[in-house]
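Participant: Before we start, here is the structure in question, set down as structure tokens.
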2 protein chains.
Amino acid sequence: MRSDDLTAAAKIRDAAMNLFGERGEASVTVRDIAAAAGVSPGLVIHHYKSKDGLKAAVDERALSMLKDMLAKSSDPQASANSTAQSMSQMTDAFADEIAQFPTLLPYLRRLLVDGGDSTAALFRSMFEATRDALSRMQSAGLVARTNDEDARAAFLLVNDLGAVILREQITDVLGVDPMSPDGIVRWGTAVLEAYSEPVYLPPKKSRPNKGKP
Amino acid sequence: MRSDDLTAAAKIRDAAMNLFGERGEASVTVRDIAAAAGVSPGLVIHHYKSKDGLKAAVDERALSMLKDMLAKSSDPQASANSTAQSMSQMTDAFADEIAQFPTLLPYLRRLLVDGGDSTAALFRSMFEATRDALSRMQSAGLVARTNDEDARAAFLLVNDLGAVILREQITDVLGVDPMSPDGIVRWGTAVLEAYSEPVYLPPKKSRPNKGKP
DNA sequence: CCTGCAACTGAACATCCGTTTAGAGTACGA
DNA sequence: TCGTACTCTAAACGGATGTTCAGTTGCAGG
């Protein structure tokens, strides 16, 4: 049953995750998926009942992978070495996780970008996790106080997700993938600097402003 | 020719920009566009030769509108009142521009999200504009110095575009559209605070870290 | 008036889509 | 050995899609 390499159903699911992440569900046909998985179009429907059923299975799989990944990266933080983590250790751990599931981030990007109810639920749960984590860090004196915790949490979350969504464009202008082992250090350094030291300085007579929307 | 309301070709183009921005090109049919514009499917092809031709015309139109909008919002900054602009004035001006072309931002979102060569070119030009603006502001003492200007410019740009891309999700969790007259004040305040005062505080013994990818 | 040209429509066309169907091959227990 | 259940394929079906085509309208210029 689960013999040599992978079940045909699993091969179909993985191929679909790949293609959906790259092109979006609407631009990927059942025949594309079948060809990528090396099976007939009929088998795709046989295993997943319909294209929507396959999409649901891929969604479930991706959310499960994401949950595992987030759990794995927050567990050791609270267990063994509580305070001794340097940023490079953090980023290295992330880069490892990302490299282990190369199809997850592109698909997460699609989940966020394609809209719909599952997108809203996913974003909301990430938002609440971020807000709670910031609240805890604020109590621990690691994060400054603010008048609008919701807006700040949403802003920080959007920034992280923005790097996931615009990963390809960032790679293009910086010359390095911000989710690669090399790039994540450079990106994380810039992020940490922007959040730790002021970017905009108070002017002499008026107030600071921005240039782009 | 350009009589009562709008040319049929223009109506088709505007309807297409609407639908493309909402659902993405692949999910919108020529018949959908024709119905929204109140014409026959054949006329769509007659005017734009093909669906791809229509897409190209819509892209061109959107980029032209974006260019106008960015030009209009950087002109008065250098002309009349050079330093007396408050943040609320800035955001109000932006909210006005956005409200004037309600279909532009959703389509810009699609341009960024759908990928392709035009996406890369658009992002790169925005990146260079951001980097140059930051460089000028740094010379004027309005922005702090950094070791990696490219990474910082990309980061700030990605954050702004993230709000455009995830606008709907932000609206959902904050209860207010960050691109609306009300919401843009709240969002802009949080952004300005995060960039002007430290978010992450230096811990006593170790270094700060983050919670989300 | 009428000739020509552009806007426009309704119907048709070929193709592609998701899905169905009939059946071949195989494993496994009775 | 038979039968049953399961995986899988090839072919086909109905419907939707982008595009084409023949033809009608309306209008500008000689």
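Chain lettering (A, B, ...) mirrors the order of the structure tokens, residue numbering begins at 1 for each chain separately, and ligand numbering begins at 1 in order of display.
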Mind running chain B against chain C at 8 Å and telling me each contacting residue's nearest atom pair with the distance in Å (one decimal), counting only C-alpha atoms (C1' of nucleotides), chain and number ascending, as CSV?

Facilitator:
residue,atom,partner,partner_atom,distance
B:Ser40,CA,C:DT9,C1',6.6
B:Gly42,CA,C:DT9,C1',7.8
B:Leu43,CA,C:DC8,C1',6.6

Participant: With N, CA and C atoms kept, could you save the residues just selected as a compact mmCIF listing (two decimals), in the first residue's frame?

Facilitator:
# COMPACT_ATOMS: atom_id res chain seq x y z
N SER B 40 -21.66 42.76 -26.25
CA SER B 40 -21.56 41.35 -26.62
C SER B 40 -20.12 40.87 -26.51
N GLY B 42 -18.38 39.32 -28.55
CA GLY B 42 -17.62 39.57 -29.77
C GLY B 42 -16.97 40.93 -29.80
N LEU B 43 -17.67 41.92 -29.23
CA LEU B 43 -17.13 43.28 -29.26
C LEU B 43 -15.86 43.41 -28.43

Participant: Find the residues of chain B in contact range of chain D, meaning any atom within 8 Å when counting only C-alpha atoms (C1' of nucleotides), and list them as a VMD selection string.

Facilitator: chain B and resid 29 to 30 45 50 to 51

Participant: Please dump the current selection as a PDB file, in the first residue's frame; keep N, CA and C atoms.

Facilitator:
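Written out: part-v1.pdb:
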ATOM      1  N   THR B  29     -14.181  35.451 -17.294  1.00  0.00           N
ATOM      2  CA  THR B  29     -14.340  35.094 -18.700  1.00  0.00           C
ATOM      3  C   THR B  29     -14.665  36.338 -19.520  1.00  0.00           C
ATOM      4  N   VAL B  30     -14.414  36.207 -20.802  1.00  0.00           N
ATOM      5  CA  VAL B  30     -14.756  37.299 -21.710  1.00  0.00           C
ATOM      6  C   VAL B  30     -16.253  37.610 -21.632  1.00  0.00           C
ATOM      7  N   ILE B  45     -13.527  41.212 -28.122  1.00  0.00           N
ATOM      8  CA  ILE B  45     -12.420  40.757 -28.963  1.00  0.00           C
ATOM      9  C   ILE B  45     -12.188  41.744 -30.117  1.00  0.00           C
ATOM     10  N   SER B  50      -7.781  40.172 -28.416  1.00  0.00           N
ATOM     11  CA  SER B  50      -7.826  38.926 -27.655  1.00  0.00           C
ATOM     12  C   SER B  50      -7.943  39.260 -26.174  1.00  0.00           C
ATOM     13  N   LYS B  51      -8.162  38.239 -25.369  1.00  0.00           N
ATOM     14  CA  LYS B  51      -8.239  38.460 -23.922  1.00  0.00           C
ATOM     15  C   LYS B  51      -6.904  38.965 -23.394  1.00  0.00           C
TER      16      LYS B  51
END

Participant: Can you pull out every residue within 7 Å of range 89-97 of chain B, counting only C-alpha atoms (C1' of nucleotides), but drop anything in the same chain fewer than 4 positions away, and send it as a VMD selection string?

Facilitator: chain B and resid 69 85 101 179 to 181 184 to 185

Participant: Output N, CA and C atoms for every residue in the selection just made, as an mmCIF file, in the first residue's frame.

Facilitator:
data_model
loop_
_atom_site.group_PDB
_atom_site.id
_atom_site.type_symbol
_atom_site.label_atom_id
_atom_site.label_comp_id
_atom_site.auth_asym_id
_atom_site.auth_seq_id
_atom_site.Cartn_x
_atom_site.Cartn_y
_atom_site.Cartn_z
ATOM 1 N N MET B 69 -1.030 59.113 -9.901
ATOM 2 C CA MET B 69 -1.316 59.243 -8.477
ATOM 3 C C MET B 69 -0.046 59.504 -7.688
ATOM 4 N N GLN B 85 3.813 69.885 6.324
ATOM 5 C CA GLN B 85 2.808 68.837 6.189
ATOM 6 C C GLN B 85 2.742 67.966 7.437
ATOM 7 N N PHE B 101 -10.125 56.664 -7.261
ATOM 8 C CA PHE B 101 -9.983 55.514 -8.165
ATOM 9 C C PHE B 101 -10.119 54.226 -7.355
ATOM 10 N N MET B 179 -7.343 51.530 4.238
ATOM 11 C CA MET B 179 -7.238 52.463 3.117
ATOM 12 C C MET B 179 -8.416 53.448 3.084
ATOM 13 N N SER B 180 -9.259 53.376 4.076
ATOM 14 C CA SER B 180 -10.373 54.329 4.159
ATOM 15 C C SER B 180 -9.923 55.580 4.915
ATOM 16 N N PRO B 181 -10.639 56.660 4.782
ATOM 17 C CA PRO B 181 -10.255 57.889 5.490
ATOM 18 C C PRO B 181 -10.056 57.666 6.993
ATOM 19 N N ILE B 184 -6.993 54.852 7.578
ATOM 20 C CA ILE B 184 -5.629 55.203 7.199
ATOM 21 C C ILE B 184 -4.947 56.004 8.302
ATOM 22 N N VAL B 185 -5.732 56.707 9.094
ATOM 23 C CA VAL B 185 -5.154 57.431 10.229
ATOM 24 C C VAL B 185 -4.659 56.451 11.288
#

Participant: Between chain B and chain A, at 6 Å or less, what are the per-residue closest atom pairs and their distances in Å? Count only C-alpha atoms, order by chain and rising residue number, and return it as CSV.

Facilitator:
residue,atom,partner,partner_atom,distance
B:Ala26,CA,A:Ala26,CA,6.0
B:Leu142,CA,A:Leu201,CA,5.0
B:Val143,CA,A:Tyr200,CA,4.6
B:Ala144,CA,A:Val199,CA,5.3
B:Arg152,CA,A:Ala190,CA,5.7
B:Val158,CA,A:Gly162,CA,5.8
B:Asn159,CA,A:Asn159,CA,4.8
B:Gly162,CA,A:Gly162,CA,4.7
B:Ala190,CA,A:Arg152,CA,5.7
B:Tyr195,CA,A:Val199,CA,5.2
B:Ser196,CA,A:Pro198,CA,4.6
B:Glu197,CA,A:Pro198,CA,5.3
B:Pro198,CA,A:Ser196,CA,4.7
B:Val199,CA,A:Tyr195,CA,5.2
B:Tyr200,CA,A:Val143,CA,4.6
B:Leu201,CA,A:Leu142,CA,5.0
B:Pro203,CA,A:Leu142,CA,6.0

Participant: Quick one, how far is CA of Val39 in chain B from CA of Ser118 in chain B?

Facilitator: 28.9 Å

Participant: Pick out the residues sitting within 12 Å of Tyr48 in chain B, and hand them over as a VMD selection string; count only C-alpha atoms (C1' of nucleotides), and ignore anything fewer than 3 positions along from it in its own chain.

Facilitator: (chain B and resid 8 to 10 12 to 13 16 30 41 to 45 51 to 58) or (chain D and resid 19)

Participant: Just list the residues in range 5-211 of chain A DSSP gives helix (DSSP H, G or I) on the backbone, as an MDAnalysis selection string.

Facilitator: chainID A and resid 8:23 25:27 30:37 41:48 51:78 87:100 104:114 117:139 149:165 167:174 181:196

Participant: CA of Ser64 in chain B to CA of Ala37 in chain B: how many Å, to one decimal?

Facilitator: 21.5 Å

Participant: What does the distance from CA of Ala71 in chain B to CA of Leu6 in chain B come to in Å, to one decimal?

Facilitator: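 Taking CA of Ala71 in chain B as the start and CA of Leu6 in chain B as the end point, the length is 25.5 Å.
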